[in-house]
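S.K.: Pasting a structure here, questions to come.
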Amino acid sequence: MRILGIDPGLAIVGYSILDTDKDDIILSASGSIQTDKNKSDSKRLLEIELDLQTIIDKYKPEVAAIEKLFYFRNQKTVIPVAEARGIILAVLERNNIPIFEYTPIEVKQIITGYGRATKDEVAKIVEMSVKYNKLPKLDDTLDSIAIALCYLRNNLRNA
């Protein structure tokens with residue numbers, strides 16, 4: 001199975017591709033879509049749409065796991081993130097990719113067993129769970145791996 005993990009944002013969209021078989025979870029690809037803050041929001045959203053379509057065309061994921069907005073401390077960024085998320089959901093839907101959404105607390109709970117786990121604790125579990133050549137340094141990309149891993153663990157638990 002091939003899972004596309006997505007951590008949405010307007011400035012940075014983290015993404016990862018996890019491949020699974022019976023025994024292994026392999027990080028096949030990861031990266032980020034980074035938009036130019038000097039461009040208009042509409043141009044940035046279009047860039048996210050086009051880049052995500054390129055990723056989907058290249059990797060052909062079977063399902064997508066994406067972070068769900070549920071609360072935002074910074075009210076200035078909630079609307080742009082929601083707009084980016086809307087574009088991402090539309091691209092996934094247009095490509096008939098099943099979408100699974102998880103809040104940050106759900107991701108932490110499913111990955112570590114504790115909904116208030118730190119980023120370091122989540123990263124440690126990701127490191128132990130996924131085979132990789134090199135783990136990404138960017139938090140958004142690492143979060144996308146955790147979101148994809150969350151989908152896998154949640155579905156294994158519910159299978």
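Scheme for the structure tokens: letters A, B, ... for chains in order shown; per-chain residue numbers from 1; ligand numbers from 1 in order shown.
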Would you give me, as a Markdown table, each residue of region 82-137 of chain A having an atom within 8 Å of an atom of region 7-18 of chain A, along with its shortest atom pair and that distance in Å to one decimal, using only C-alpha atoms and sorting by chain and residue number?
M.R.:
```
| residue | atom | partner | partner_atom | distance |
| --- | --- | --- | --- | --- |
| A:Ala82 | CA | A:Gly9 | CA | 7.8 |
| A:Glu83 | CA | A:Leu10 | CA | 7.8 |
| A:Ala84 | CA | A:Leu10 | CA | 5.5 |
| A:Arg85 | CA | A:Pro8 | CA | 5.7 |
| A:Ile88 | CA | A:Pro8 | CA | 7.7 |
```
S.K.: Find the spatial neighbours of Val91 (chain A), counting only C-alpha atoms, within a cut-off of 10 Å - ignore same-chain residues fewer than 5 positions away - and output them as a short mmCIF file (atom, residue, chain, number, x, y, z; two decimals) with N, CA and C atoms, in the first residue's frame.
M.R.:
```
data_model
loop_
_atom_site.label_atom_id
_atom_site.label_comp_id
_atom_site.auth_asym_id
_atom_site.auth_seq_id
_atom_site.Cartn_x
_atom_site.Cartn_y
_atom_site.Cartn_z
N ILE A 48 0.47 25.36 -4.80
CA ILE A 48 0.22 24.15 -4.00
C ILE A 48 -0.57 23.14 -4.83
N GLU A 49 -1.61 23.60 -5.50
CA GLU A 49 -2.42 22.71 -6.32
C GLU A 49 -1.59 22.02 -7.40
N LEU A 50 -0.82 22.79 -8.14
CA LEU A 50 -0.03 22.23 -9.25
C LEU A 50 1.07 21.29 -8.75
N LEU A 52 1.15 19.64 -5.86
CA LEU A 52 0.56 18.42 -5.30
C LEU A 52 0.12 17.48 -6.42
N GLN A 53 -0.44 18.03 -7.49
CA GLN A 53 -0.84 17.19 -8.61
C GLN A 53 0.37 16.48 -9.20
N ILE A 56 1.24 13.59 -6.92
CA ILE A 56 0.28 12.50 -7.10
C ILE A 56 0.54 11.76 -8.41
N ARG A 85 -5.57 23.89 2.91
CA ARG A 85 -6.15 22.58 3.16
C ARG A 85 -7.30 22.30 2.19
N GLY A 86 -8.11 23.31 1.91
CA GLY A 86 -9.21 23.16 0.96
C GLY A 86 -8.71 22.81 -0.44
N ASN A 96 -9.60 11.01 -6.95
CA ASN A 96 -10.27 9.85 -6.36
C ASN A 96 -9.40 9.12 -5.34
N ILE A 97 -8.66 9.89 -4.55
CA ILE A 97 -7.81 9.31 -3.50
C ILE A 97 -8.58 9.39 -2.19
#
```
S.K.: Which residue, A:Ser28, A:Tyr59, A:Lys68, A:Pro80, has the smallest gap to Ser40 (chain A) when you use only C-alpha atoms?
M.R.: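 Distance minimum relative to Ser40 (chain A) lands on A:Pro80.
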S.K.: Which one of A:Leu45, A:Ile33, A:Ala64, A:Leu69 sits closest to Ile145 (chain A) if you count only C-alpha atoms?
M.R.: A:Ala64
S.K.: As JSON, numbers by chain, please: every residue in chain A that a backbone DSSP assignment puts in alpha helix (DSSP H).
M.R.: {"A": [41, 42, 43, 44, 45, 46, 47, 48, 49, 50, 51, 52, 53, 54, 55, 56, 57, 58, 59, 75, 76, 77, 78, 79, 80, 81, 82, 83, 84, 85, 86, 87, 88, 89, 90, 91, 92, 93, 94, 104, 105, 106, 107, 108, 109, 110, 111, 112, 119, 120, 121, 122, 123, 124, 125, 126, 127, 128, 129, 139, 140, 141, 142, 143, 144, 145, 146, 147, 148, 149, 150, 151, 152, 153, 154, 155, 156, 157, 158]}
S.K.: If DSSP is run on the backbone, what residues of region 19-116 of chain A are strand (DSSP E or B)? A reply as a list in words would be ideal.
M.R.: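 Listing strand (DSSP E or B) positions across region 19-116 of chain A yields Asp19, Thr20, Ile25, Ile26, Leu27, Ser28, Ala29, Ser30, Gly31, Ser32, Ile33, Gln34, Val63, Ala64, Ala65, Ile66, Glu67, Ile99, Phe100, Glu101 and Tyr102 of chain A.
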S.K.: Show me, as a tab-separated table, the residues of region 19-69 of chain A having an atom within 10 Å of region 121-140 of chain A, each with the closest atom pair and its distance in Å, using only C-alpha atoms.
M.R.:
```
residue	atom	partner	partner_atom	distance
A:Asp19	CA	A:Val130	CA	9.6
A:Thr20	CA	A:Val130	CA	9.6
A:Asp24	CA	A:Lys131	CA	7.3
A:Ile25	CA	A:Val130	CA	5.1
A:Ile26	CA	A:Lys131	CA	4.7
A:Leu27	CA	A:Tyr132	CA	5.3
A:Ser28	CA	A:Tyr132	CA	7.5
A:Ala29	CA	A:Tyr132	CA	9.1
A:Ser30	CA	A:Pro136	CA	7.4
A:Gly31	CA	A:Pro136	CA	7.5
A:Ser32	CA	A:Asp140	CA	7.5
A:Ile33	CA	A:Asp140	CA	9.9
```
S.K.: Go ahead and compute the interatomic distance for CA of Arg116 (chain A) and CA of Pro104 (chain A), in Å to one decimal.
M.R.: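 Distance reported for this atom pair: 9.1 Å.
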S.K.: Find the residue from A:Asp36, A:Ile79, A:Leu149, A:Asn95 that sits nearest to Thr54 (chain A); use only C-alpha atoms when measuring.
M.R.: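 So, comparing all the options, the nearest one is A:Asn95.
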S.K.: Provide the CA of Lys108 (chain A) to CA of Asp51 (chain A) distance in Å, to one decimal place.
M.R.: 27.7 Å
S.K.: For a test of reading the model, state the distance in Å between CA of Phe70 (chain A) and CA of Thr103 (chain A), rounded to one decimal.
M.R.: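 About the pair CA of Phe70 (chain A) and CA of Thr103 (chain A): they are 6.5 Å apart.
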S.K.: Rank A:Glu101, A:Ala117, A:Leu4, A:Arg153 by their smallest atom-to-atom distance to Pro61 (chain A), using only C-alpha atoms, and report the top residue only.
M.R.: A:Leu4
S.K.: From the options A:Asp23, A:Glu62, A:Glu106, A:Asp120, which residue's atoms come nearest to Asn154 (chain A), counting only C-alpha atoms?
M.R.: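 Nearest to Asn154 (chain A): A:Glu106.
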S.K.: Please determine, counting only C-alpha atoms, which residue among A:Lys39, A:Ser144, A:Ile105, A:Glu93 has the shortest atom-to-atom distance to Thr118 (chain A).
M.R.: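 Ranked by minimum distance to Thr118 (chain A), first place goes to A:Ile105.
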